[in-house]
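> File protein-v4.txt follows (compact mmCIF, C-alpha atoms):
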# COMPACT_ATOMS: atom_id res chain seq x y z
CA MET A 1 30.89 -14.84 47.85
CA HIS A 2 29.78 -17.13 45.08
CA ASN A 3 26.09 -16.68 45.96
CA ARG A 4 26.39 -12.88 45.74
CA PHE A 5 27.42 -13.10 42.04
CA PHE A 6 25.35 -16.12 41.15
CA LEU A 7 21.95 -14.47 41.75
CA PRO A 8 22.42 -11.47 39.37
CA ILE A 9 23.81 -13.76 36.67
CA PHE A 10 20.91 -16.15 37.13
CA LEU A 11 18.36 -13.33 36.88
CA PHE A 12 20.08 -11.94 33.76
CA LEU A 13 20.01 -15.34 32.09
CA LEU A 14 16.39 -15.87 33.10
CA LEU A 15 15.35 -12.50 31.65
CA SER A 16 17.31 -13.19 28.45
CA VAL A 17 15.57 -16.52 27.98
CA PHE A 18 12.18 -14.90 28.66
CA ALA A 19 12.87 -12.12 26.15
CA ARG A 20 13.85 -14.66 23.51
CA SER A 21 10.67 -16.58 24.19
CA GLN A 22 8.64 -13.44 23.47
CA GLU A 23 10.58 -12.89 20.26
CA SER A 24 9.69 -16.43 19.19
CA LEU A 25 6.02 -15.42 19.50
CA LEU A 26 6.44 -12.79 16.79
CA GLN A 27 5.02 -13.91 13.45
CA SER A 28 5.50 -10.74 11.36
CA GLY A 29 6.01 -7.03 11.73
CA PRO A 30 6.17 -4.60 13.26
CA MET A 31 4.56 -2.56 10.49
CA LEU A 32 3.72 1.12 10.26
CA GLY A 33 0.17 1.94 9.21
CA TYR A 34 -1.30 5.38 8.62
CA ILE A 35 0.45 8.48 9.91
CA ASP A 36 -0.97 11.90 10.77
CA MET A 37 -0.01 14.86 12.97
CA LYS A 38 -1.34 13.53 16.28
CA GLU A 39 -1.26 9.76 15.94
CA ALA A 40 0.30 6.80 14.17
CA LEU A 41 -0.86 3.22 13.75
CA LEU A 42 1.56 0.42 14.67
CA TRP A 43 0.83 -3.22 13.70
CA ALA A 44 2.22 -6.64 14.54
CA GLN A 45 1.20 -10.29 14.32
CA THR A 46 1.94 -13.00 16.88
CA GLN A 47 2.01 -16.77 16.47
CA ASP A 48 -0.34 -17.38 19.36
CA ALA A 49 -2.48 -15.39 21.76
CA ALA A 50 -0.37 -12.69 23.41
CA THR A 51 -0.47 -9.12 24.69
CA VAL A 52 1.05 -6.58 22.30
CA ASP A 53 1.94 -2.96 22.87
CA PHE A 54 4.59 -0.50 21.70
CA GLU A 55 6.91 1.78 23.61
CA TYR A 56 7.87 4.93 21.71
CA TRP A 57 9.84 8.11 22.33
CA ASP A 58 10.78 11.37 20.67
CA LEU A 59 14.32 11.10 19.36
CA ASP A 60 14.97 14.63 20.63
CA ASN A 61 13.83 13.66 24.14
CA PRO A 62 14.58 9.94 24.58
CA ASP A 63 14.26 9.98 28.37
CA VAL A 64 10.48 10.41 28.17
CA ARG A 65 8.82 7.15 27.11
CA TYR A 66 5.21 6.52 26.07
CA THR A 67 3.32 3.28 25.69
CA THR A 68 0.35 2.47 23.50
CA ASP A 69 -2.70 0.74 24.88
CA ALA A 70 -2.15 -3.00 24.94
CA VAL A 71 -3.99 -5.31 22.52
CA GLN A 72 -4.69 -8.98 23.18
CA THR A 73 -4.20 -10.92 19.97
CA ALA A 74 -6.67 -13.69 19.20
CA LYS A 75 -7.20 -16.43 16.64
CA ALA A 76 -10.40 -14.76 15.41
CA SER A 77 -8.37 -11.85 14.00
CA GLY A 78 -5.37 -13.84 12.82
CA PHE A 79 -3.42 -12.91 16.00
CA THR A 80 -2.95 -9.38 14.60
CA ALA A 81 -2.71 -6.26 16.73
CA LYS A 82 -3.23 -2.60 15.85
CA CYS A 83 -1.96 -0.10 18.40
CA ILE A 84 -2.27 3.68 18.27
CA ALA A 85 0.59 5.97 19.25
CA ASP A 86 -1.49 8.96 20.36
CA ARG A 87 1.01 10.98 22.40
CA VAL A 88 2.91 12.40 19.47
CA GLU A 89 3.35 15.92 18.14
CA PRO A 90 3.43 17.18 14.52
CA GLY A 91 6.74 17.03 12.69
CA HIS A 92 8.62 14.98 15.27
CA ARG A 93 10.64 11.83 14.73
CA TYR A 94 10.06 8.87 17.01
CA ALA A 95 11.70 5.53 17.69
CA TYR A 96 9.62 2.60 18.86
CA THR A 97 9.97 -0.89 20.28
CA LEU A 98 7.50 -3.72 19.92
CA ARG A 99 6.65 -5.47 23.18
CA ILE A 100 5.04 -8.89 23.52
CA ASN A 101 3.73 -9.88 26.94
CA GLY A 102 5.47 -6.84 28.37
CA GLN A 103 8.92 -7.75 27.06
CA PRO A 104 10.72 -5.80 24.31
CA VAL A 105 11.28 -7.58 21.00
CA PRO A 106 14.19 -5.70 19.39
CA ARG A 107 14.56 -5.81 15.64
CA PRO A 108 17.86 -5.85 13.71
CA TYR A 109 16.82 -2.82 11.61
CA PRO A 110 15.58 0.71 12.35
CA THR A 111 12.09 1.05 13.84
CA GLU A 112 11.23 4.73 13.54
CA PHE A 113 8.49 6.98 12.21
CA GLN A 114 7.93 10.70 11.68
CA THR A 115 4.62 12.44 12.16
CA GLN A 116 3.28 14.80 9.54
CA PRO A 117 4.41 18.39 10.16
CA LEU A 118 2.11 21.35 10.75
CA TRP A 119 3.34 23.32 7.75
CA GLN A 120 0.10 25.11 6.76
CA TRP A 121 0.29 28.92 7.09
CA ARG A 122 3.89 28.56 8.25
CA THR A 123 6.21 27.15 5.56
CA ASP A 124 6.17 25.48 2.19
CA PRO A 125 5.11 21.80 2.33
CA PRO A 126 8.19 19.62 2.78
CA PRO A 127 9.29 17.20 0.07
CA PHE A 128 8.27 13.59 0.47
CA SER A 129 8.35 10.30 -1.41
CA VAL A 130 5.89 7.48 -2.09
CA ALA A 131 6.75 3.94 -3.19
CA THR A 132 4.20 1.99 -5.18
CA GLY A 133 3.72 -1.33 -6.94
CA SER A 134 1.39 -4.30 -7.37
CA CYS A 135 1.32 -8.05 -7.83
CA ALA A 136 3.38 -9.64 -5.03
CA TYR A 137 3.38 -13.43 -5.32
CA ILE A 138 5.21 -15.31 -2.56
CA ASN A 139 5.84 -18.96 -3.37
CA GLU A 140 4.56 -21.75 -1.14
CA PRO A 141 5.37 -24.96 -3.06
CA GLU A 142 2.85 -27.23 -1.38
CA TYR A 143 -0.01 -24.99 -2.56
CA ASP A 144 1.44 -23.55 -5.79
CA ARG A 145 0.79 -24.91 -9.25
CA PRO A 146 3.35 -27.50 -10.41
CA GLY A 147 6.20 -26.27 -12.55
CA LYS A 148 8.28 -23.12 -12.53
CA PRO A 149 7.57 -20.96 -9.45
CA TYR A 150 5.45 -17.91 -10.23
CA GLY A 151 7.10 -15.68 -7.62
CA SER A 152 10.74 -14.56 -7.40
CA ASP A 153 13.15 -11.66 -6.78
CA TYR A 154 12.05 -11.01 -3.21
CA HIS A 155 15.09 -8.78 -2.77
CA ILE A 156 13.04 -6.11 -4.52
CA PHE A 157 11.73 -5.22 -1.07
CA THR A 158 15.30 -4.62 0.10
CA ALA A 159 15.79 -2.31 -2.90
CA MET A 160 12.59 -0.46 -2.03
CA HIS A 161 13.67 -0.05 1.59
CA ALA A 162 17.02 1.36 0.39
CA GLN A 163 15.12 4.27 -1.19
CA ARG A 164 13.74 5.21 2.28
CA PRO A 165 10.26 6.23 1.05
CA ASP A 166 7.95 7.99 3.50
CA LEU A 167 4.89 6.05 2.32
CA MET A 168 4.01 3.01 0.27
CA VAL A 169 0.75 2.53 -1.62
CA TRP A 170 0.11 -1.12 -2.52
CA LEU A 171 -1.98 -1.30 -5.72
CA GLY A 172 -3.65 -4.67 -5.31
CA ASP A 173 -2.80 -8.34 -5.76
CA ASN A 174 -0.70 -7.70 -2.66
CA THR A 175 -1.04 -11.40 -1.98
CA TYR A 176 -2.37 -14.20 -4.17
CA TYR A 177 -5.09 -16.42 -2.75
CA ARG A 178 -4.84 -19.99 -4.06
CA GLU A 179 -7.46 -22.73 -4.36
CA PRO A 180 -7.11 -23.77 -0.67
CA ASP A 181 -7.52 -20.14 0.41
CA TRP A 182 -10.49 -18.70 -1.48
CA THR A 183 -13.48 -20.06 0.38
CA THR A 184 -12.57 -20.05 4.08
CA ARG A 185 -11.38 -17.61 6.72
CA THR A 186 -8.71 -20.16 7.64
CA GLY A 187 -7.38 -20.18 4.10
CA MET A 188 -7.38 -16.40 3.74
CA PHE A 189 -5.67 -15.86 7.09
CA HIS A 190 -3.10 -18.51 6.18
CA ARG A 191 -2.23 -16.80 2.91
CA TYR A 192 -1.79 -13.37 4.46
CA THR A 193 0.18 -14.80 7.39
CA HIS A 194 2.53 -16.69 5.10
CA ASP A 195 3.20 -13.78 2.78
CA ARG A 196 3.42 -11.05 5.43
CA SER A 197 6.14 -13.10 7.17
CA LEU A 198 8.59 -12.86 4.25
CA PRO A 199 11.96 -11.90 5.82
CA GLU A 200 12.92 -9.53 3.01
CA LEU A 201 9.75 -7.52 3.62
CA GLN A 202 10.21 -6.79 7.32
CA PRO A 203 12.58 -3.75 7.25
CA LEU A 204 10.36 -1.98 4.70
CA LEU A 205 7.26 -2.57 6.82
CA ALA A 206 8.96 -1.26 9.95
CA SER A 207 10.06 2.14 8.62
CA THR A 208 7.66 3.09 5.79
CA HIS A 209 3.98 3.85 6.36
CA GLN A 210 1.87 1.32 4.47
CA TYR A 211 -1.46 1.96 2.71
CA ALA A 212 -3.25 -0.51 0.43
CA ILE A 213 -6.10 -1.25 -1.94
CA TRP A 214 -6.97 -4.71 -3.21
CA ASP A 215 -7.51 -6.26 -6.63
CA ASP A 216 -8.91 -9.63 -7.63
CA HIS A 217 -6.24 -11.97 -6.22
CA ASP A 218 -6.28 -10.56 -2.67
CA TYR A 219 -10.09 -10.30 -2.81
CA GLY A 220 -11.02 -13.66 -4.31
CA PRO A 221 -10.41 -15.77 -7.42
CA ASN A 222 -9.09 -14.38 -10.70
CA ASP A 223 -11.31 -11.60 -12.14
CA SER A 224 -13.68 -11.79 -9.16
CA ASP A 225 -16.37 -9.11 -8.78
CA GLY A 226 -19.22 -7.97 -6.55
CA THR A 227 -20.96 -11.35 -6.81
CA TRP A 228 -18.14 -13.03 -4.84
CA VAL A 229 -19.96 -14.76 -2.00
CA HIS A 230 -16.96 -14.61 0.36
CA LYS A 231 -16.23 -10.90 -0.07
CA GLU A 232 -17.28 -10.16 3.54
CA THR A 233 -14.59 -12.54 4.76
CA ALA A 234 -12.03 -11.04 2.38
CA TRP A 235 -12.91 -7.59 3.76
CA GLU A 236 -12.46 -8.82 7.33
CA VAL A 237 -9.02 -10.27 6.56
CA PHE A 238 -7.94 -7.18 4.60
CA ARG A 239 -8.78 -4.97 7.59
CA ALA A 240 -6.84 -7.24 9.94
CA PHE A 241 -3.62 -7.00 7.94
CA TRP A 242 -3.57 -3.38 6.76
CA GLY A 243 -3.44 -0.10 8.64
CA ASN A 244 -5.48 2.26 6.46
CA PRO A 245 -7.24 5.15 8.21
CA THR A 246 -10.69 3.84 7.12
CA TYR A 247 -12.23 0.94 5.19
CA GLY A 248 -15.11 1.91 2.94
CA LEU A 249 -17.23 5.02 2.67
CA PRO A 250 -19.70 5.89 5.47
CA GLY A 251 -22.42 3.24 5.42
CA GLN A 252 -20.49 1.06 2.94
CA LYS A 253 -17.92 -1.71 3.12
CA GLY A 254 -14.93 -2.27 0.87
CA CYS A 255 -11.38 -0.88 0.90
CA THR A 256 -12.13 2.72 -0.19
CA THR A 257 -10.33 5.40 1.78
CA TRP A 258 -8.83 8.88 1.52
CA PHE A 259 -5.90 10.54 3.22
CA LYS A 260 -3.77 13.65 2.86
CA TYR A 261 -0.01 13.59 3.15
CA MET A 262 1.60 17.04 3.25
CA ASP A 263 -0.30 18.89 0.50
CA VAL A 264 -1.29 15.90 -1.68
CA ASP A 265 -4.67 14.13 -1.62
CA PHE A 266 -4.76 10.35 -2.01
CA PHE A 267 -7.96 8.59 -3.11
CA LEU A 268 -7.76 4.82 -2.65
CA LEU A 269 -10.54 3.06 -4.56
CA ASP A 270 -12.23 -0.32 -4.45
CA ASN A 271 -12.59 -1.89 -7.91
CA ARG A 272 -14.01 -5.25 -6.74
CA TYR A 273 -16.63 -5.05 -4.00
CA PHE A 274 -19.25 -3.23 -6.12
CA ARG A 275 -18.11 -4.37 -9.57
CA THR A 276 -20.64 -5.92 -11.95
CA PRO A 277 -19.52 -9.07 -13.81
CA ASN A 278 -17.24 -8.39 -16.75
CA TYR A 279 -19.40 -10.32 -19.20
CA CYS A 280 -22.89 -9.37 -18.01
CA THR A 281 -24.07 -7.25 -20.94
CA SER A 282 -27.54 -6.61 -19.48
CA CYS A 283 -26.26 -5.48 -16.05
CA ASP A 284 -26.08 -1.87 -14.90
CA ARG A 285 -22.38 -1.88 -15.61
CA THR A 286 -20.10 -0.30 -13.02
CA LEU A 287 -16.56 -0.81 -11.80
CA LEU A 288 -16.81 1.31 -8.65
CA GLY A 289 -20.51 1.19 -7.77
CA HIS A 290 -22.66 4.31 -7.98
CA THR A 291 -22.05 5.54 -4.43
CA GLN A 292 -18.26 5.30 -4.67
CA PHE A 293 -18.27 6.79 -8.17
CA ASP A 294 -20.35 9.79 -7.11
CA TRP A 295 -18.19 10.30 -4.01
CA LEU A 296 -15.01 10.26 -6.11
CA LYS A 297 -16.31 12.87 -8.53
CA ALA A 298 -17.42 15.19 -5.73
CA ALA A 299 -14.22 14.68 -3.70
CA LEU A 300 -12.04 15.44 -6.72
CA ALA A 301 -13.99 18.65 -7.39
CA ALA A 302 -13.60 19.65 -3.73
CA SER A 303 -9.85 18.98 -3.59
CA ARG A 304 -7.48 21.91 -3.75
CA ALA A 305 -4.37 19.76 -3.64
CA PRO A 306 -1.79 20.38 -6.38
CA PHE A 307 -1.85 16.63 -7.10
CA LYS A 308 -4.74 14.21 -6.75
CA ILE A 309 -3.42 10.66 -6.57
CA ILE A 310 -6.09 8.07 -7.43
CA ALA A 311 -5.12 4.45 -6.69
CA VAL A 312 -7.26 1.79 -8.41
CA GLY A 313 -6.47 -1.76 -9.47
CA ASN A 314 -7.22 -1.52 -13.20
CA GLN A 315 -5.59 0.69 -15.82
CA VAL A 316 -7.62 3.81 -16.59
CA LEU A 317 -6.12 5.67 -19.57
CA THR A 318 -4.85 2.89 -21.81
CA THR A 319 -6.45 2.52 -25.23
CA ASN A 320 -5.70 -1.22 -25.15
CA ASN A 321 -9.15 -2.79 -25.35
CA ALA A 322 -8.25 -6.05 -23.64
CA ASP A 323 -7.84 -7.63 -20.24
CA GLU A 324 -9.38 -5.96 -17.18
CA THR A 325 -8.76 -2.34 -18.12
CA TYR A 326 -11.35 0.24 -17.05
CA ALA A 327 -12.33 0.97 -20.65
CA HIS A 328 -12.62 -2.66 -21.72
CA TYR A 329 -15.68 -3.56 -19.66
CA PHE A 330 -16.75 -0.22 -18.20
CA ARG A 331 -16.02 2.33 -20.89
CA ALA A 332 -19.11 4.48 -20.21
CA GLU A 333 -18.18 4.90 -16.54
CA ARG A 334 -14.51 5.53 -17.35
CA ASP A 335 -15.41 8.14 -19.96
CA SER A 336 -17.85 9.78 -17.53
CA LEU A 337 -15.07 10.12 -14.95
CA LEU A 338 -12.63 11.65 -17.45
CA ALA A 339 -15.35 14.00 -18.72
CA HIS A 340 -16.01 15.12 -15.14
CA ILE A 341 -12.30 15.84 -14.63
CA GLU A 342 -12.33 17.90 -17.82
CA ARG A 343 -15.63 19.70 -17.15
CA GLU A 344 -14.66 20.67 -13.59
CA ASN A 345 -11.18 21.78 -14.69
CA ILE A 346 -9.57 19.40 -12.17
CA ARG A 347 -5.81 19.59 -12.40
CA GLY A 348 -2.98 17.39 -11.21
CA VAL A 349 -4.73 14.01 -11.57
CA ILE A 350 -2.41 10.99 -11.47
CA PHE A 351 -3.89 7.49 -11.47
CA LEU A 352 -1.81 4.76 -9.82
CA THR A 353 -2.73 1.37 -11.28
CA GLY A 354 -1.44 -2.19 -11.32
CA ASP A 355 -2.69 -5.62 -12.43
CA ARG A 356 -1.03 -5.86 -15.85
CA HIS A 357 2.32 -7.49 -14.96
CA PHE A 358 4.21 -4.78 -16.80
CA THR A 359 4.80 -1.09 -16.20
CA GLU A 360 4.06 1.96 -18.34
CA LEU A 361 3.26 5.65 -17.95
CA SER A 362 0.31 7.01 -19.95
CA THR A 363 -0.91 10.58 -20.43
CA TYR A 364 -3.26 12.73 -22.46
CA LYS A 365 -4.28 16.37 -22.52
CA ASN A 366 -8.03 17.02 -22.19
CA ALA A 367 -10.05 19.80 -23.80
CA ALA A 368 -9.68 21.95 -20.67
CA GLY A 369 -5.94 22.00 -21.28
CA ASN A 370 -5.03 19.77 -18.34
CA TRP A 371 -2.80 16.71 -18.45
CA VAL A 372 -4.02 13.46 -16.87
CA TYR A 373 -1.54 10.66 -16.06
CA ASP A 374 -1.78 6.94 -15.40
CA LEU A 375 1.25 5.26 -13.81
CA THR A 376 0.91 1.48 -14.03
CA THR A 377 3.47 -0.35 -11.86
CA SER A 378 3.53 -4.16 -12.06
CA SER A 379 4.75 -6.58 -10.98
CA LEU A 380 6.67 -6.71 -7.73
CA THR A 381 7.40 -10.45 -7.55
CA ALA A 382 4.72 -12.20 -9.67
CA GLY A 383 5.42 -13.40 -13.20
CA SER A 384 6.01 -10.58 -15.69
CA TYR A 385 4.50 -10.01 -19.14
CA ALA A 386 7.47 -10.55 -21.46
CA LYS A 387 7.81 -8.14 -24.41
CA ALA A 388 4.78 -6.19 -23.17
CA GLY A 389 5.59 -3.17 -25.31
CA GLU A 390 5.49 -5.25 -28.47
CA ARG A 391 2.40 -7.24 -27.51
CA THR A 392 0.14 -4.43 -26.30
CA THR A 393 -0.95 -1.19 -27.91
CA ASN A 394 -1.65 2.04 -26.05
CA ASP A 395 -1.92 5.36 -27.86
CA TYR A 396 -1.33 7.25 -24.60
CA ARG A 397 1.86 5.42 -23.63
CA ILE A 398 4.92 7.60 -23.07
CA GLU A 399 7.76 6.14 -25.09
CA GLY A 400 10.46 4.45 -23.09
CA THR A 401 8.40 3.70 -19.99
CA VAL A 402 7.51 0.04 -20.59
CA VAL A 403 9.20 -2.32 -18.13
CA ASP A 404 8.51 -6.06 -18.44
CA GLN A 405 10.44 -7.34 -15.43
CA HIS A 406 9.96 -7.03 -11.68
CA ASN A 407 9.94 -3.36 -10.73
CA PHE A 408 8.63 -0.63 -8.45
CA SER A 409 8.11 3.13 -8.71
CA ILE A 410 8.93 6.06 -6.43
CA LEU A 411 7.07 9.39 -6.65
CA ARG A 412 9.01 12.32 -5.18
CA PHE A 413 7.03 15.49 -4.50
CA SER A 414 8.95 18.74 -4.12
CA GLY A 415 8.93 22.48 -4.68
CA PRO A 416 7.27 25.50 -3.04
CA ARG A 417 3.58 25.48 -2.14
CA THR A 418 2.43 27.30 -5.28
CA SER A 419 4.76 25.43 -7.64
CA ARG A 420 4.83 21.75 -6.72
CA GLN A 421 6.17 19.08 -9.03
CA VAL A 422 6.59 15.32 -8.88
CA THR A 423 9.35 13.14 -10.26
CA ILE A 424 8.39 9.54 -11.02
CA THR A 425 11.29 7.09 -11.12
CA ASN A 426 10.99 3.41 -11.93
CA TYR A 427 13.47 0.84 -10.59
CA ASP A 428 14.07 -2.85 -11.25
CA ALA A 429 14.31 -5.50 -8.54
CA ASP A 430 17.99 -4.70 -7.97
CA GLY A 431 17.25 -1.02 -7.41
CA LYS A 432 18.63 0.06 -10.79
CA GLU A 433 16.84 3.02 -12.35
CA ARG A 434 14.90 2.14 -15.50
CA TRP A 435 13.43 5.56 -16.32
CA SER A 436 12.50 8.87 -14.70
CA LYS A 437 9.95 11.55 -15.65
CA THR A 438 9.17 14.87 -13.93
CA ILE A 439 5.68 16.38 -14.05
CA LEU A 440 6.06 20.14 -13.78
CA PRO A 441 3.67 22.50 -11.92
CA ASN A 442 1.83 23.23 -15.19
CA GLY A 443 1.14 19.52 -15.65
CA GLU A 444 3.54 19.01 -18.53
CA LEU A 445 6.50 16.65 -18.59
CA GLU A 446 9.90 18.20 -18.18
CA LYS A 447 11.75 18.08 -21.48
Take the structure in this file and express it as structure tokens.

Amino acid sequence: MHNRFFLPIFLFLLLSVFARSQESLLQSGPMLGYIDMKEALLWAQTQDAATVDFEYWDLDNPDVRYTTDAVQTAKASGFTAKCIADRVEPGHRYAYTLRINGQPVPRPYPTEFQTQPLWQWRTDPPPFSVATGSCAYINEPEYDRPGKPYGSDYHIFTAMHAQRPDLMVWLGDNTYYREPDWTTRTGMFHRYTHDRSLPELQPLLASTHQYAIWDDHDYGPNDSDGTWVHKETAWEVFRAFWGNPTYGLPGQKGCTTWFKYMDVDFFLLDNRYFRTPNYCTSCDRTLLGHTQFDWLKAALAASRAPFKIIAVGNQVLTTNNADETYAHYFRAERDSLLAHIERENIRGVIFLTGDRHFTELSTYKNAAGNWVYDLTTSSLTAGSYAKAGERTTNDYRIEGTVVDQHNFSILRFSGPRTSRQVTITNYDADGKERWSKTILPNGELEK
């Protein structure tokens, strides 16, 4: 009698212990990468070599389960795994479970994603939202500079998750390499592993699709450029930890990519890999490199999206001739880009920029009658630029949009296909609204 009940209990306890042992192998994630109509990228990192896959199912038909191809994590790639959910249909919502060594690793927060819908020729594009921000410094005292910690307010990621954005676009300085990190793969993998494991970050990663560019601090040392001798290693590590659809233009390296979400085109640019040194006056001065610059101009002219979102690390529109703004060191290239936008009558251009450790919204109306915007959002957790509005000048700044504390922005796209608009709302680390502006279909701000 006792043996009959002892065996099932023993097996249950054995399986519970085994499941917990697989959970202990999880370093960070799961994270959602890019999302399209027919596939989604799912990411996770383990602490040691392990087999990773994901089980997923349509919430409207939970009895039918699918499994991604399994990936064996390895030290050479930081024990990261990218798995593709390729048995999905447009416009469906799916739940998923991370599995390590064949055992589920349940998370204490929702793990779901929704594929892009097939709305073209059928309905108006659905509304959607995009979170954005830059400059995320996560303290690690043994490697930080002495004194007051530079990073804080990690609960900002909880506030971002509470907004339930569909996407997030990281605008660079997504991690901060320190002196022990810059010059080795080991150091770079350590920094990303440490920061990606932040507990407050995990729910946001698991339910919002993440896209990213880099800036100097997650590429190399401060103000680093195309001469950085370890940029190939930085590129390798960036690819291991992010789930962008591509990395670089055809035949080129770097973090450049493009994607469409609903009816909006997103151009994610690389402002470091091809950059000439800031102070080299005799160099052929370029921020983006000639190939990337020419591609951007042509791709913008080809786009028929109501909004063209251009993510790049450095501010574009500001008239402040200081720091690493586009116009400070590369004015000719910046002016050439804006002239192209004007000449080609390209409408709906919104730059997303970071770097500055304060937030502001800039705009101007070009000779073609079109408004161009630059939303700078900084910083997420790194030190902020106190009294930024008083200490910096910018003729294109929209009054009331300067924020000099930790903050993030949400862009909400809505409206019928032929009359789309976007509302930009900025929030502090506690999720309190700081300001909100709506760009109407004609490009003007709502009064």
> List as a ChimeraX atom specification the residues having at least one atom at most 12 Å from position (4.2, -23.7, -2.0) as given in the file, counting all atoms listed in the file.
/A:137-151,176-180,191,194-195
> Return the single residue from A:Glu446, A:Asp270, A:Asp153, A:Asp58 that is closest to His290 in chain A, with distances computed using all atoms listed in the file.
A:Asp270
> Around (5.1, 6.0, -28.1) in the file's frame, which residues reach within 12 Å when counting all atoms listed in the file? Return as a ChimeraX atom specification?
/A:360-363,389-390,392-402
> For Ala85 in chain A, which residue among A:Lys38, A:Lys308, A:Lys231, A:Arg107 is the nearest when counting all atoms listed in the file?
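Between A:Lys38, A:Lys308, A:Lys231, A:Arg107, the residue approaching Ala85 in chain A most closely is A:Lys38.
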> With a distance cut-off of 12 Å and all atoms listed in the file, select the neighbouring residues of Asn61 in chain A, excluding the residue or stretch itself and same-chain residues fewer than 6 positions from it, and output the selection as a JSON list (two decimals) with C-alpha atoms, in the frame of the given file.

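Just written: selection_1.json:
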[["chain", "number", "residue", "atom", "x", "y", "z"],
["A", 88, "VAL", "CA", 2.91, 12.40, 19.47],
["A", 92, "HIS", "CA", 8.62, 14.98, 15.27],
["A", 93, "ARG", "CA", 10.64, 11.83, 14.73],
["A", 94, "TYR", "CA", 10.06, 8.87, 17.01],
["A", 95, "ALA", "CA", 11.70, 5.53, 17.69]]
